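File shown: target.txt. Contents: compact mmCIF, C-alpha atoms.
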# COMPACT_ATOMS: atom_id res chain seq x y z
CA MET H 16 30.64 -30.66 16.43
CA PHE H 17 32.29 -29.19 13.41
CA ALA H 18 31.86 -30.68 9.94
CA ALA H 19 35.61 -31.28 9.64
CA GLU H 20 35.49 -33.57 12.68
CA ASN H 21 32.46 -35.37 11.39
CA GLY H 22 33.29 -36.83 8.02
CA LEU H 23 34.29 -33.75 6.05
CA ARG H 24 37.93 -33.32 7.07
CA GLY H 25 39.86 -31.91 4.11
CA ASP H 26 36.70 -31.22 2.12
CA PRO H 27 37.72 -28.27 -0.09
CA ARG H 28 34.21 -26.87 0.05
CA LEU H 29 34.71 -25.95 3.72
CA LYS H 30 37.69 -23.73 2.92
CA GLY H 31 35.71 -22.05 0.14
CA ILE H 32 32.86 -21.39 2.57
CA SER H 33 35.18 -20.01 5.24
CA ASP H 34 36.98 -17.79 2.72
CA ALA H 35 33.65 -16.37 1.53
CA ILE H 36 32.78 -15.03 4.98
CA THR H 37 33.85 -11.43 5.75
CA VAL H 38 34.98 -10.24 9.14
CA VAL H 39 33.79 -6.74 10.04
CA PRO H 40 35.63 -5.41 13.09
CA HIS H 41 33.77 -3.52 15.81
CA PHE H 42 30.25 -4.24 14.59
CA PRO H 43 27.66 -3.82 16.03
CA LYS H 44 29.86 -2.41 18.77
CA PRO H 45 33.55 -2.08 19.66
CA GLY H 46 35.34 -5.33 20.35
CA ILE H 47 33.03 -7.55 18.30
CA MET H 48 34.52 -9.13 15.16
CA PHE H 49 31.31 -9.62 13.20
CA GLN H 50 31.10 -12.68 10.93
CA ASP H 51 29.29 -11.40 7.85
CA ILE H 52 27.67 -14.10 5.72
CA THR H 53 26.37 -11.71 3.05
CA THR H 54 29.55 -12.33 1.05
CA LEU H 55 28.86 -16.05 1.33
CA VAL H 56 25.32 -15.80 -0.08
CA SER H 57 26.58 -13.56 -2.86
CA ASN H 58 29.08 -16.27 -3.89
CA PRO H 59 26.96 -18.77 -5.83
CA LYS H 60 29.41 -21.67 -5.54
CA ALA H 61 30.11 -21.22 -1.84
CA PHE H 62 26.41 -20.71 -1.09
CA LYS H 63 25.45 -23.83 -3.04
CA ASP H 64 28.19 -25.84 -1.28
CA THR H 65 26.85 -24.67 2.10
CA ILE H 66 23.35 -25.87 1.31
CA ASP H 67 24.60 -29.11 -0.27
CA ILE H 68 26.59 -30.05 2.82
CA PHE H 69 23.54 -29.60 5.06
CA VAL H 70 21.25 -31.39 2.61
CA ASP H 71 23.61 -34.36 2.27
CA ARG H 72 23.68 -34.68 6.05
CA TYR H 73 19.92 -34.43 6.64
CA ARG H 74 18.19 -35.90 3.59
CA ASP H 75 17.91 -39.43 5.03
CA MET H 76 17.10 -38.47 8.59
CA ASP H 77 13.29 -38.31 8.14
CA ILE H 78 13.20 -34.62 8.91
CA SER H 79 9.76 -33.11 8.26
CA VAL H 80 10.38 -29.60 9.68
CA VAL H 81 13.19 -27.11 9.11
CA ALA H 82 12.89 -24.09 11.40
CA GLY H 83 14.89 -20.97 10.54
CA VAL H 84 15.66 -18.15 12.95
CA GLU H 85 14.89 -14.60 11.75
CA ALA H 86 16.42 -13.08 9.75
CA ARG H 87 19.73 -14.60 8.61
CA GLY H 88 18.47 -18.12 9.27
CA PHE H 89 15.85 -17.39 6.59
CA MET H 90 18.63 -17.23 3.99
CA PHE H 91 19.66 -20.86 4.61
CA ALA H 92 16.77 -22.84 6.04
CA PRO H 93 14.23 -22.65 3.18
CA ALA H 94 16.67 -23.99 0.61
CA ILE H 95 17.46 -26.92 2.91
CA ALA H 96 13.74 -27.55 3.52
CA LEU H 97 13.00 -27.52 -0.21
CA ALA H 98 15.79 -29.97 -0.99
CA ILE H 99 14.78 -32.50 1.66
CA GLY H 100 11.01 -32.12 1.14
CA ALA H 101 10.34 -30.67 4.60
CA LYS H 102 8.15 -27.79 5.78
CA PHE H 103 9.84 -24.46 6.49
CA ILE H 104 8.86 -22.75 9.75
CA PRO H 105 10.01 -19.17 10.39
CA LEU H 106 10.89 -18.39 14.02
CA ARG H 107 10.39 -14.66 14.39
CA LYS H 108 10.82 -11.62 16.59
CA PRO H 109 7.70 -10.61 18.53
CA GLY H 110 4.75 -9.19 16.64
CA LYS H 111 5.79 -10.31 13.17
CA LEU H 112 3.83 -13.54 12.78
CA PRO H 113 0.09 -12.98 12.24
CA GLY H 114 -2.45 -15.18 13.96
CA GLU H 115 -1.91 -17.34 17.00
CA VAL H 116 1.67 -17.80 18.23
CA ILE H 117 3.61 -19.22 21.16
CA SER H 118 6.67 -17.41 22.41
CA GLU H 119 9.82 -18.12 24.35
CA ALA H 120 12.14 -15.63 26.08
CA TYR H 121 15.90 -15.76 25.89
CA GLU H 122 18.81 -13.79 27.30
CA LEU H 123 20.81 -11.25 25.36
CA GLU H 124 24.09 -9.83 26.59
CA TYR H 125 22.07 -6.96 28.03
CA GLY H 126 18.42 -7.73 28.55
CA LYS H 127 16.03 -10.24 27.04
CA ASP H 128 14.30 -10.91 23.74
CA ARG H 129 11.55 -13.28 22.57
CA LEU H 130 11.18 -15.72 19.72
CA GLU H 131 7.73 -16.66 18.32
CA MET H 132 6.35 -19.60 16.35
CA HIS H 133 2.91 -20.22 14.85
CA VAL H 134 0.53 -22.49 16.75
CA GLY H 135 -0.35 -25.44 14.55
CA ALA H 136 2.68 -25.19 12.28
CA VAL H 137 4.30 -28.30 13.73
CA GLN H 138 2.60 -31.53 14.81
CA HIS H 139 3.47 -33.67 17.78
CA GLY H 140 6.22 -36.14 16.97
CA GLU H 141 7.56 -34.37 13.89
CA ARG H 142 11.34 -34.46 13.50
CA ALA H 143 12.85 -30.99 13.24
CA LEU H 144 16.06 -29.17 12.43
CA ILE H 145 16.82 -25.66 13.59
CA ILE H 146 19.01 -23.50 11.35
CA ASP H 147 20.77 -20.18 11.97
CA ASP H 148 23.78 -18.53 10.35
CA LEU H 149 25.87 -18.50 13.52
CA VAL H 150 25.86 -19.83 17.09
CA ALA H 151 27.57 -17.83 19.84
CA THR H 152 26.18 -18.37 23.34
CA GLY H 153 23.41 -20.63 22.05
CA GLY H 154 20.68 -18.53 23.67
CA THR H 155 18.62 -18.15 20.49
CA LEU H 156 18.93 -21.80 19.50
CA SER H 157 17.94 -22.88 23.00
CA ALA H 158 14.80 -20.73 22.81
CA ALA H 159 14.05 -22.21 19.39
CA THR H 160 14.51 -25.73 20.76
CA ARG H 161 12.14 -25.00 23.64
CA LEU H 162 9.47 -23.68 21.24
CA LEU H 163 9.55 -26.82 19.12
CA GLU H 164 9.63 -29.14 22.11
CA ARG H 165 6.67 -27.37 23.70
CA VAL H 166 4.52 -28.51 20.77
CA GLY H 167 5.90 -32.04 20.92
CA ALA H 168 8.38 -31.93 18.05
CA VAL H 169 11.62 -33.89 18.28
CA VAL H 170 14.58 -31.57 17.67
CA VAL H 171 17.02 -33.80 15.82
CA GLU H 172 19.83 -31.25 15.49
CA CYS H 173 20.69 -27.55 15.51
CA ALA H 174 22.86 -26.52 12.57
CA CYS H 175 24.76 -23.33 11.83
CA VAL H 176 27.26 -22.19 9.24
CA ILE H 177 29.60 -20.68 11.87
CA GLY H 178 30.32 -21.79 15.45
CA LEU H 179 31.95 -19.28 17.79
CA PRO H 180 34.54 -20.19 20.44
CA GLU H 181 31.93 -20.34 23.21
CA VAL H 182 30.60 -23.53 21.65
CA LYS H 183 33.89 -24.94 20.36
CA GLY H 184 34.44 -28.44 21.65
CA ARG H 185 30.76 -28.87 22.44
CA CYS H 186 28.80 -31.40 20.51
CA ARG H 187 25.52 -30.63 22.17
CA LEU H 188 23.42 -27.63 23.13
CA ASP H 189 20.82 -28.24 25.83
CA GLY H 190 21.12 -31.93 25.08
CA LYS H 191 20.57 -31.49 21.35
CA PRO H 192 23.35 -32.21 18.84
CA LEU H 193 24.94 -29.09 17.39
CA TYR H 194 26.50 -29.15 13.92
CA MET H 195 28.60 -26.31 12.52
CA LEU H 196 30.46 -25.97 9.24
CA VAL H 197 33.28 -23.56 10.05
CA GLU H 198 34.93 -21.60 12.83
CA PRO H 199 34.97 -17.81 12.76
CA ARG H 200 37.38 -16.11 10.41
CA LYS H 201 40.13 -14.11 11.98
CA ILE H 202 41.94 -11.07 10.68
CA GLU H 203 45.67 -11.69 10.58
CA ASN H 204 47.78 -9.24 12.56
CA TYR H 205 50.11 -7.33 10.35
CA THR H 206 52.98 -5.75 12.25
CA LEU H 207 54.56 -2.72 10.74
CA GLN H 208 58.30 -3.26 10.48
CA ARG H 209 60.72 -0.44 10.25
CA CYS H 210 63.14 -1.09 7.46
CA PHE H 211 66.53 0.37 7.65
CA VAL H 212 67.42 0.88 4.04
CA ASP H 213 71.05 0.92 3.15
CA SER H 214 71.34 3.97 0.97
CA GLY H 215 74.75 3.08 -0.15
CA MET I 2 -7.55 -9.02 -16.15
CA ALA I 3 -10.13 -6.23 -15.72
CA VAL I 4 -9.76 -3.98 -12.72
CA ILE I 5 -13.00 -4.27 -10.87
CA PRO I 6 -13.75 -1.42 -8.43
CA CYS I 7 -14.83 -3.82 -5.76
CA PRO I 8 -12.95 -3.49 -2.50
CA LEU I 9 -13.89 -6.93 -1.27
CA VAL I 10 -12.52 -9.93 -3.12
CA LEU I 11 -13.34 -13.40 -1.99
CA LYS I 12 -10.90 -16.15 -2.79
CA ILE I 13 -12.28 -19.58 -3.51
CA SER I 14 -10.04 -22.05 -1.81
CA GLY I 15 -11.45 -25.54 -1.90
CA ALA I 16 -14.26 -25.60 0.60
CA LYS I 17 -13.11 -22.45 2.36
CA ILE I 18 -13.99 -18.90 1.54
CA VAL I 19 -11.14 -16.62 2.47
CA PRO I 20 -11.72 -12.89 2.34
CA GLN I 21 -9.29 -10.27 1.10
CA SER I 22 -9.91 -6.58 1.00
CA ASN I 23 -8.43 -3.25 0.09
CA TYR I 24 -6.38 -1.77 2.93
CA HIS I 25 -7.94 1.60 2.25
CA SER I 26 -11.54 0.50 1.71
CA GLY I 27 -12.72 1.81 5.04
CA ASN I 28 -15.80 -0.39 4.72
CA SER I 29 -16.83 -2.11 7.87
CA VAL I 30 -16.46 -5.82 7.59
CA LYS I 31 -18.38 -8.17 9.81
CA ILE I 32 -16.62 -11.44 10.39
CA LYS I 33 -18.85 -14.50 10.63
CA LEU I 34 -17.58 -17.95 11.49
CA LEU I 35 -19.18 -20.72 9.49
CA PRO I 36 -19.85 -23.97 11.33
CA ASN I 37 -17.24 -26.66 10.77
CA THR I 38 -14.73 -24.33 9.16
CA GLU I 39 -11.59 -22.84 10.65
CA THR I 40 -11.72 -19.86 8.41
CA PRO I 41 -13.97 -16.85 8.88
CA ILE I 42 -15.72 -15.25 5.94
CA ALA I 43 -16.31 -11.54 5.72
CA ILE I 44 -19.65 -10.05 4.78
CA ARG I 45 -19.45 -6.54 3.44
CA LYS I 46 -22.37 -4.21 3.84
CA THR I 47 -22.34 -2.16 0.65
CA PRO I 48 -24.74 -1.67 -2.19
CA PRO I 49 -24.50 -3.82 -5.31
CA ILE I 50 -22.07 -2.74 -8.00
CA HIS I 51 -23.29 -2.05 -11.50
CA GLY I 52 -26.71 -3.41 -10.76
CA ARG I 53 -25.43 -6.89 -10.06
CA ALA I 54 -26.04 -8.60 -6.76
CA ASN I 55 -23.10 -8.28 -4.45
CA THR I 56 -21.57 -11.54 -5.53
CA PRO I 57 -17.96 -12.10 -4.63
CA ARG I 58 -15.36 -12.15 -7.37
CA PRO I 59 -13.33 -15.32 -7.10
CA LEU I 60 -9.58 -14.89 -6.93
CA GLN I 61 -8.20 -15.22 -10.41
CA PRO I 62 -4.93 -17.04 -10.80
CA ILE I 63 -2.81 -15.35 -13.43
CA ARG I 64 -3.00 -17.38 -16.64
CA PHE I 65 0.40 -18.18 -18.03
CA LEU I 66 -0.56 -19.64 -21.35
CA HIS I 67 2.83 -18.75 -22.77
CA MET I 68 4.71 -20.79 -20.21
CA ALA I 69 5.36 -24.30 -21.38
CA ALA I 70 4.52 -26.98 -18.86
CA GLN I 71 7.58 -28.91 -17.80
CA ASN I 72 7.49 -32.53 -16.70
CA VAL I 73 5.41 -31.33 -13.76
CA ASP I 74 1.83 -30.40 -13.09
CA SER I 75 0.49 -27.74 -15.40
CA THR I 76 1.19 -24.15 -14.50
CA ASP I 77 -2.47 -23.53 -13.72
CA ASP I 78 -2.64 -26.51 -11.35
CA ARG I 79 0.47 -25.36 -9.54
CA ILE I 80 -0.84 -21.83 -9.18
CA SER I 81 -4.19 -23.07 -7.87
CA ARG I 82 -2.43 -25.01 -5.17
CA ILE I 83 -0.20 -22.05 -4.28
CA SER I 84 -3.19 -19.72 -4.13
CA SER I 85 -5.13 -22.11 -1.90
CA SER I 86 -2.26 -22.49 0.51
CA ILE I 87 -2.08 -18.79 1.41
CA ARG I 88 -4.21 -17.85 4.39
CA VAL I 89 -5.71 -14.48 5.26
CA ILE I 90 -5.58 -13.14 8.79
CA PRO I 91 -8.10 -10.36 9.46
CA ASP I 92 -7.12 -7.21 11.34
CA PHE I 93 -3.37 -7.76 11.28
CA PRO I 94 -1.18 -5.84 11.93
CA LYS I 95 -4.05 -3.46 12.66
CA PRO I 96 -7.86 -3.34 12.31
CA GLY I 97 -9.12 -3.29 8.73
CA ILE I 98 -6.11 -4.98 7.19
CA MET I 99 -6.59 -8.49 5.76
CA PHE I 100 -3.07 -9.86 6.02
CA GLN I 101 -1.88 -12.30 3.33
CA ASP I 102 0.04 -14.91 5.31
CA ILE I 103 2.48 -16.96 3.24
CA THR I 104 3.66 -19.08 6.18
CA THR I 105 0.95 -21.64 5.34
CA LEU I 106 2.37 -21.89 1.82
CA LEU I 107 5.75 -22.69 3.37
CA LEU I 108 4.13 -25.54 5.32
CA ASP I 109 3.18 -27.25 2.04
CA PRO I 110 6.44 -28.54 0.55
CA LYS I 111 4.91 -29.07 -2.89
CA ALA I 112 3.35 -25.60 -3.02
CA PHE I 113 6.60 -24.00 -1.85
CA LYS I 114 8.62 -25.97 -4.41
CA ASP I 115 6.14 -25.06 -7.15
CA THR I 116 6.41 -21.37 -6.19
CA ILE I 117 10.17 -21.44 -6.58
CA ASP I 118 9.98 -23.55 -9.76
CA LEU I 119 7.62 -21.06 -11.42
CA PHE I 120 10.06 -18.21 -10.82
CA VAL I 121 13.08 -20.31 -11.82
CA GLU I 122 11.41 -21.42 -15.07
CA ARG I 123 10.82 -17.79 -15.95
CA TYR I 124 14.30 -16.48 -15.13
CA LYS I 125 16.79 -19.28 -15.68
CA ASP I 126 17.63 -18.28 -19.26
CA GLN I 127 17.51 -14.52 -18.67
CA ASN I 128 21.18 -14.06 -17.65
CA ILE I 129 20.25 -12.79 -14.23
CA ASN I 130 23.36 -12.13 -12.09
CA VAL I 131 21.68 -10.86 -8.92
CA VAL I 132 18.59 -11.73 -6.91
CA ALA I 133 17.89 -8.98 -4.38
CA GLY I 134 15.54 -10.04 -1.58
CA ILE I 135 13.76 -7.63 0.74
CA GLU I 136 13.92 -8.23 4.49
CA ALA I 137 12.53 -10.44 5.88
CA ARG I 138 10.06 -12.47 3.81
CA GLY I 139 12.03 -11.78 0.63
CA PHE I 140 14.84 -13.75 2.31
CA ILE I 141 12.63 -16.85 2.18
CA PHE I 142 11.98 -16.79 -1.57
CA GLY I 143 15.04 -15.00 -2.95
CA PRO I 144 17.86 -17.42 -1.99
CA PRO I 145 16.27 -20.59 -3.43
CA ILE I 146 15.68 -18.73 -6.71
CA ALA I 147 19.26 -17.38 -6.70
CA LEU I 148 20.71 -20.84 -6.00
CA ALA I 149 18.70 -22.45 -8.79
CA ILE I 150 19.68 -19.88 -11.44
CA GLY I 151 23.30 -19.48 -10.28
CA ALA I 152 22.93 -15.84 -9.25
CA LYS I 153 24.19 -13.94 -6.22
CA PHE I 154 21.72 -13.32 -3.42
CA VAL I 155 21.82 -9.77 -2.06
CA PRO I 156 19.79 -8.91 1.05
CA MET I 157 18.08 -5.49 1.16
CA ARG I 158 17.78 -4.69 4.85
CA LYS I 159 16.31 -2.42 7.48
CA PRO I 160 18.74 0.19 8.87
CA LYS I 161 21.83 -0.85 10.85
CA LYS I 162 21.53 -4.58 10.17
CA LEU I 163 24.18 -4.79 7.45
CA PRO I 164 27.73 -4.47 8.77
CA GLY I 165 30.29 -2.42 6.90
CA GLU I 166 29.66 0.21 4.28
CA VAL I 167 26.10 0.59 2.99
CA ILE I 168 24.02 2.88 0.82
CA SER I 169 20.53 3.75 1.91
CA GLU I 170 17.24 4.87 0.41
CA GLU I 171 14.27 6.37 2.17
CA TYR I 172 10.72 5.34 1.26
CA SER I 173 7.20 6.22 2.36
CA LEU I 174 5.00 4.20 4.62
CA GLU I 175 1.32 4.84 5.22
CA TYR I 176 2.40 7.03 8.14
CA GLY I 177 5.97 8.24 8.00
CA THR I 178 9.01 6.85 6.24
CA ASP I 179 11.48 3.99 6.57
CA ILE I 180 14.96 3.31 5.22
CA MET I 181 16.31 0.39 3.21
CA GLU I 182 20.02 -0.43 2.98
CA MET I 183 22.29 -2.40 0.64
CA HIS I 184 25.98 -3.20 0.91
CA VAL I 185 28.37 -1.10 -1.09
CA GLY I 186 30.14 -3.45 -3.49
CA ALA I 187 27.52 -6.21 -3.29
CA VAL I 188 26.61 -5.62 -6.92
CA GLN I 189 28.52 -4.28 -9.94
CA ALA I 190 27.40 -1.77 -12.55
CA GLY I 191 25.90 -3.53 -15.54
CA GLU I 192 24.74 -6.61 -13.64
CA ARG I 193 21.19 -7.81 -14.33
CA ALA I 194 19.00 -8.08 -11.25
CA LEU I 195 15.65 -9.31 -10.01
CA VAL I 196 14.00 -7.87 -6.91
CA VAL I 197 12.01 -10.42 -4.91
CA ASP I 198 9.50 -10.04 -2.09
CA ASP I 199 6.55 -12.10 -0.88
CA LEU I 200 3.95 -9.45 -1.70
CA ILE I 201 3.56 -6.07 -3.44
CA ALA I 202 1.05 -3.68 -1.86
CA THR I 203 1.70 0.03 -2.46
CA GLY I 204 5.04 -0.69 -4.13
CA GLY I 205 7.00 1.58 -1.77
CA THR I 206 9.46 -1.06 -0.66
CA LEU I 207 10.08 -2.46 -4.13
CA SER I 208 10.60 0.99 -5.60
CA ALA I 209 13.18 1.77 -2.88
CA ALA I 210 15.02 -1.44 -3.78
CA ILE I 211 14.96 -0.54 -7.48
CA ARG I 212 16.41 2.90 -6.70
CA LEU I 213 19.21 1.41 -4.58
CA LEU I 214 20.23 -0.98 -7.34
CA GLU I 215 19.99 1.63 -10.09
CA ARG I 216 22.11 4.07 -8.08
CA VAL I 217 25.03 1.68 -8.48
CA GLY I 218 24.39 1.06 -12.16
CA VAL I 219 22.54 -2.27 -11.98
CA ASP I 220 19.96 -3.15 -14.62
CA VAL I 221 16.78 -4.17 -12.78
CA VAL I 222 15.17 -6.63 -15.16
CA GLU I 223 11.98 -7.38 -13.22
CA CYS I 224 10.32 -7.41 -9.80
CA ALA I 225 8.92 -10.78 -8.73
CA CYS I 226 6.38 -11.36 -5.97
CA VAL I 227 4.19 -14.26 -4.95
CA ILE I 228 1.17 -11.98 -4.31
CA GLU I 229 -0.05 -8.66 -5.72
CA LEU I 230 -2.79 -6.51 -4.19
CA PRO I 231 -3.80 -4.81 -7.45
CA GLU I 232 -6.24 -2.40 -5.83
CA LEU I 233 -3.26 -0.66 -4.24
CA LYS I 234 -1.71 0.00 -7.67
CA GLY I 235 1.82 -0.82 -6.54
CA ARG I 236 2.66 -1.77 -10.11
CA ASN I 237 2.45 1.92 -11.06
CA ARG I 238 5.20 2.89 -8.60
CA LEU I 239 7.79 0.68 -10.24
CA GLY I 240 8.50 3.14 -13.06
CA ASP I 241 9.32 1.25 -16.21
CA LYS I 242 10.14 -1.97 -14.39
CA PRO I 243 7.90 -4.95 -15.10
CA LEU I 244 6.24 -6.89 -12.30
CA PHE I 245 5.66 -10.64 -12.29
CA VAL I 246 3.34 -12.21 -9.73
CA LEU I 247 1.76 -15.61 -9.23
CA VAL I 248 -1.54 -14.73 -7.51
CA THR I 249 -3.68 -11.65 -6.96
Would you encode the structure as structure tokens?
Amino acid sequence: MFAAENGLRGDPRLKGISDAITVVPHFPKPGIMFQDITTLVSNPKAFKDTIDIFVDRYRDMDISVVAGVEARGFMFAPAIALAIGAKFIPLRKPGKLPGEVISEAYELEYGKDRLEMHVGAVQHGERALIIDDLVATGGTLSAATRLLERVGAVVVECACVIGLPEVKGRCRLDGKPLYMLVEPRKIENYTLQRCFVDSG
Amino acid sequence: MAVIPCPLVLKISGAKIVPQSNYHSGNSVKIKLLPNTETPIAIRKTPPIHGRANTPRPLQPIRFLHMAAQNVDSTDDRISRISSSIRVIPDFPKPGIMFQDITTLLLDPKAFKDTIDLFVERYKDQNINVVAGIEARGFIFGPPIALAIGAKFVPMRKPKKLPGEVISEEYSLEYGTDIMEMHVGAVQAGERALVVDDLIATGGTLSAAIRLLERVGVDVVECACVIELPELKGRNRLGDKPLFVLVT
């Protein structure tokens, strides 16, 4: 569900957050309109508003774990964890976490990838959030959910700044609630008009 | 703090002894598991140094006598807790390397908060406009600092991750080179910046970040890391830029 449908309709912070996101056409490949959050994190007010909205939602939900997905999820999840007094758990690409890990495969558009989490980071019964910058197909968040559930954590919600059309209208992902702040930004189409100028 | 030419440093961490060593020491290290502990200790087979018995040097927290204690635990107490919460993983990512793992610090909400607070206390009145964080562990510490001091957060990334127009800087690894990228237009000439990462080893990554920022006219005020490995002399590769760390 989007924030605007869930208590924040008309909240001016949401427009500020949406306006701070940059659309980069044809990245990483032709046809993809990439939602770039680097301009959001370099806007102190919009970045703070983003974190505040998540913190206000989760501070009284007894969350003890905030898991962030590498690498852009790392820009949002730790600040949320700090504000609500929870642990931060990085969920990483293979081979990055030292020591003992568990891993979960997920589908990409072409091929597969894996997400890893430390063994022992999360205890059975802990209540967890999963944070990423954006949700498209939900493949990564589903893998993250499976990792946490395998160790007995309760995934309370998955939360992202941006929710793409594939998840629009869905309130749940694999049975877990999904919370998103804004929809993707679009680039307006400017049509070039021929002006017939009256020289007279 | 004196530089002691001792490749093996043992960190006293409550009841656990956690070994750290120089990446380049080349000494063989035998790992022995003590009963009833999760953490191995390393026993180095080398002769005594300077006639003393081969006693381990405890990890020294940096003393910040000049930092006023806020309405919180003293600086020394906070640093002790931070230091204790970092775990060492032997032979990662390859044999001979004692990897400083900050993920255990992130599992201790008080230690993580104290880490951020110590940086924020230092920088909040320094008119810092930009906190640049180095992918990926710099993304964990940089944004909370940026948010607390009202600065922009700027990610410094591996190649091809940043969309749009970037500038890039090559830097040396132990074997070969890598490239770091920053968005064009992310920062303005004359802005005052910090560069943040979890750890400084040889200083290669931090010096690449400094060069990127200086190329666009930014004033790099300081580099800030949780951990320094002083034996690797990374501090010397930062040119005239100061380095601030919490534990060594």
Spatial neighbours of stretch 222-237 of chain I, 6 Å, all atoms listed in the file, chain gap at least 2 places, as an NGL selection string: :I and (194-204 or 220 or 239 or 242-249)
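Put simply, atom CA of I:Ser86 is 7.4 Å away from atom CA of I:Asp109.
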Contact table chain H vs chain I, cut-off 8 Å, shortest pair per residue, only C-alpha atoms, as CSV:
residue,atom,partner,partner_atom,distance
H:Val39,CA,I:Gly165,CA,6.4
H:Phe42,CA,I:Pro164,CA,6.3
H:Pro43,CA,I:Pro164,CA,7.3
H:Phe49,CA,I:Pro164,CA,7.7
H:Asp51,CA,I:Pro164,CA,7.2
H:Thr53,CA,I:Val155,CA,7.1
H:Thr54,CA,I:Ala187,CA,7.8
H:Val56,CA,I:Phe154,CA,5.5
H:Ser57,CA,I:Lys153,CA,4.1
H:Asn58,CA,I:Lys153,CA,5.9
H:Pro59,CA,I:Lys153,CA,5.6
H:Phe62,CA,I:Leu148,CA,7.5
H:Lys63,CA,I:Leu148,CA,6.3
H:Glu85,CA,I:Ala137,CA,7.6
H:Ala86,CA,I:Ala137,CA,6.1
H:Phe89,CA,I:Ile141,CA,5.5
H:Met90,CA,I:Phe140,CA,5.4
H:Phe91,CA,I:Pro144,CA,7.7
H:Pro93,CA,I:Ile141,CA,6.1
H:Ala94,CA,I:Pro145,CA,5.3
H:Ala96,CA,I:Pro110,CA,7.9
H:Leu97,CA,I:Lys114,CA,6.3
H:Gly100,CA,I:Pro110,CA,5.8
H:Ala101,CA,I:Pro110,CA,6.0
H:Lys102,CA,I:Leu108,CA,4.6
H:Phe103,CA,I:Leu107,CA,5.4
H:Ile104,CA,I:Leu108,CA,7.1
H:Pro105,CA,I:Thr104,CA,7.6
H:Pro113,CA,I:Phe93,CA,6.3
H:Gly114,CA,I:Ile90,CA,6.4
H:Ala136,CA,I:Leu108,CA,7.1
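Among the candidate residues H:Leu162, H:Leu149, H:Val170, H:Ile202, the one lying nearest to H:Arg107 is H:Leu162, with distances computed using all atoms listed in the file.
Atom pair atom CA of H:Leu196 / atom CA of H:Ile47 has a distance of 20.7 Å (rounded to one decimal).
When atom CA of I:Gly191 is paired with atom CA of I:Val219, their separation reads 5.1 Å.
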Could you pull the residues within 12 Å of H:Ala19, counting only C-alpha atoms, minus those fewer than 2 positions along the same chain, as an NGL selection string? :H and (16-17 or 21-30 or 68 or 194-198)
When distances are computed from all atoms listed in the file, which of I:Arg193, I:Arg238, I:Arg82, I:Arg123 shows the smallest separation from I:Gly205? I:Arg238
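Of the listed residues (I:Ile98, I:Ile180, I:Leu119, I:Ile135), I:Leu119 comes nearest to I:Ile83; the distances count all atoms listed in the file.
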Which polymer residues, protein or nucleic acid, are no farther than 10 Å from (22.2, -28.3, 19.3), counting all atoms listed in the file, as a compact mmCIF listing (two decimals) with C-alpha atoms, keeping the file's coordinate frame?
# COMPACT_ATOMS: atom_id res chain seq x y z
CA MET H 16 30.64 -30.66 16.43
CA LEU H 144 16.06 -29.17 12.43
CA ILE H 145 16.82 -25.66 13.59
CA ILE H 146 19.01 -23.50 11.35
CA VAL H 150 25.86 -19.83 17.09
CA GLY H 153 23.41 -20.63 22.05
CA LEU H 156 18.93 -21.80 19.50
CA SER H 157 17.94 -22.88 23.00
CA THR H 160 14.51 -25.73 20.76
CA VAL H 170 14.58 -31.57 17.67
CA VAL H 171 17.02 -33.80 15.82
CA GLU H 172 19.83 -31.25 15.49
CA CYS H 173 20.69 -27.55 15.51
CA ALA H 174 22.86 -26.52 12.57
CA CYS H 175 24.76 -23.33 11.83
CA VAL H 182 30.60 -23.53 21.65
CA ARG H 185 30.76 -28.87 22.44
CA CYS H 186 28.80 -31.40 20.51
CA ARG H 187 25.52 -30.63 22.17
CA LEU H 188 23.42 -27.63 23.13
CA ASP H 189 20.82 -28.24 25.83
CA GLY H 190 21.12 -31.93 25.08
CA LYS H 191 20.57 -31.49 21.35
CA PRO H 192 23.35 -32.21 18.84
CA LEU H 193 24.94 -29.09 17.39
CA TYR H 194 26.50 -29.15 13.92
CA MET H 195 28.60 -26.31 12.52
Scan for residues within 8 Å of the point (35.7, -11.9, 16.2) in the coordinates of the file, using only C-alpha atoms, and reply as a PyMOL selection string. chain H and resi 38+40+46-50+199-201
Shortest contact to H:Val176, candidates H:Met76, H:Ala158, H:Ile36, H:Val116, atoms counted all atoms listed in the file, goes to H:Ile36
